[in-house]
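**Q** Take this structure, written in structure tokens, and hold onto it; I'll ask about it next.
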Amino acid sequence: MIAIVSACLLGVNCRYNGGNVTNERLIEVIKSGKIIPIPVCPEQLSGLPTPRKTCEIVGGDGFDVLKGNARVLAKDGEDLTEKFIKGANEVLKITKLVKAEIAIMKNFSPSCGCGMIYDGSFSGGKKRGYGVTSALLMLNGVKVVSVEEFLQYNP
């Protein structure tokens, strides 16, 4: 099975702070041959630098951003909505090109969040919702799961 995977979960230093969140259990599943990973970082694909400003979705979630009803803002107030939409579209192109059957995403990210994202207050609060990339993939028929959900069913 070909899977789009948040690159930070595979040890790629692409997070906003320049680090990663390597998930050893996911790497074990990959090594077993159960999935062929296609690592992506929507924020890097959008042209944003690494490291970069902390961003959150304000006024909704990724679905709302795609409808024009919410924005992706940096903590300093800079509006980076268009960059996040661009990155999501680049991931969608890759997903279609490789015919990925699933996307395994990092929770809480304004791009990859899958079920839970930060609440837009920059206070560490969280809420139910999806990042911009996860929302766009779902709208295009891609099965999107958090790494935790994937590992629950693929130990």
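In the structure tokens, the first chain shown is A, the next is B, and so on; residue numbers restart at 1 for each chain, and ligands run from 1 in the order shown.
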Considering only alpha helix (DSSP H) as DSSP defines it on the backbone, what residues of range 16-130 of chain A qualify? List them as an MDAnalysis selection string.

**A** chainID A and resid 24:31 42:45 62:67 81:98

**Q** Which residues are close to range 116-120 of chain A, i.e. within 8 Å by only C-alpha atoms, leaving aside same-chain residues fewer than 3 positions away? Reply as JSON, numbers by chain.

**A** {"A": [56, 57, 58, 59, 61, 107, 108, 109, 110, 113, 124, 125, 126, 127, 128, 129, 130, 131]}

**Q** Rank nothing, just name the residue among A:Asn23, A:Thr54, A:Asn69, A:Ser46 nearest to Gly87 in chain A, using only C-alpha atoms.

**A**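 For Gly87 in chain A, the nearest of the given residues is A:Ser46.
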
**Q** Compare A:Met1, A:Leu80, A:Val147, A:Leu139 by their minimum atom-to-atom distance to Ile36 in chain A, counting only C-alpha atoms, and give me the closest one.

**A**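 Nearest to Ile36 in chain A: A:Met1.
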
**Q** Using DSSP on the backbone, list every residue of range 91-153 of chain A that comes out as strand (DSSP E), and give them as an NGL selection string.

**A** :A and (102-105 or 114-118 or 126-130 or 143-146)

**Q** When you count only C-alpha atoms, which of these residues is closest to Lys34 in chain A: A:Ala74, A:Leu97, A:Leu66, A:Ala3?

**A**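 Among the listed residues, the smallest separation from Lys34 in chain A belongs to A:Ala3.
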
**Q** Kindly indicate which residue among A:Ile104, A:Cys114, A:Leu10, A:Leu92 lies nearest to Leu136 in chain A, using only C-alpha atoms for the distances.

**A**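 Going through A:Ile104, A:Cys114, A:Leu10, A:Leu92 one by one, the smallest distance to Leu136 in chain A is for A:Leu92.
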
**Q** Could you check the closest approach to Ile30 in chain A for each of A:Met105, A:Leu151, A:Leu137, A:Ala100 and tell me which residue wins, using only C-alpha atoms?

**A** A:Leu151

**Q** Can you tell me, as a list in words, what residues are no more than 12 Å from Ser32 in chain A when counting only C-alpha atoms, ignoring any on the same chain fewer than 5 positions away?

**A**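 Final neighbour list, sorted by chain and number: Met1, Arg25, Leu26, Ile27, Pro37, Asn154 and Pro155 of chain A.
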
**Q** Return the single residue from A:Thr133, A:Lys31, A:Ser146, A:Gln44 that is closest to Asn13 in chain A, with distances computed using only C-alpha atoms.

**A** A:Gln44

**Q** Quick one: pull the distance between CA of Ser121 in chain A and CA of Cys55 in chain A, Å, one decimal.

**A** 10.1 Å

**Q** Determine, counting only C-alpha atoms, which protein, DNA and RNA residues have an atom within 9 Å of an atom of Glu101 in chain A; residues of the same chain fewer than 5 positions away are not included. Present the result as a list of chain:residue names.

**A**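 Near Glu101 in chain A, the qualifying residues are A:Met1, A:Ile2, A:Ala3, A:Ile4, A:Thr95, A:Val142, A:Lys143.
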
**Q** Grab the residues selected above and save them as a PDB file, in the first residue's frame with C-alpha atoms.

**A**
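Written file, again_24.pdb:
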ATOM      1  CA  MET A   1       0.000   0.000   0.000  1.00  0.00           C
ATOM      2  CA  ILE A   2       1.354   3.427  -0.931  1.00  0.00           C
ATOM      3  CA  ALA A   3       0.898   6.010   1.815  1.00  0.00           C
ATOM      4  CA  ILE A   4       1.445   9.740   2.002  1.00  0.00           C
ATOM      5  CA  THR A  95      -0.969  11.867  -3.818  1.00  0.00           C
ATOM      6  CA  VAL A 142      -8.250  10.117   0.186  1.00  0.00           C
ATOM      7  CA  LYS A 143      -8.483   8.177   3.460  1.00  0.00           C
TER       8      LYS A 143
END

**Q** Can you work out the spacing between CA of Glu24 in chain A and CA of Pro39 in chain A in Å, to one decimal?

**A**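 Value for the CA of Glu24 in chain A-CA of Pro39 in chain A distance: 14.9 Å.
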
**Q** Between CA of Glu78 in chain A and CA of Thr50 in chain A, what distance in Å does the model show, to one decimal?

**A**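 Here the two named atoms are 16.5 Å from each other.
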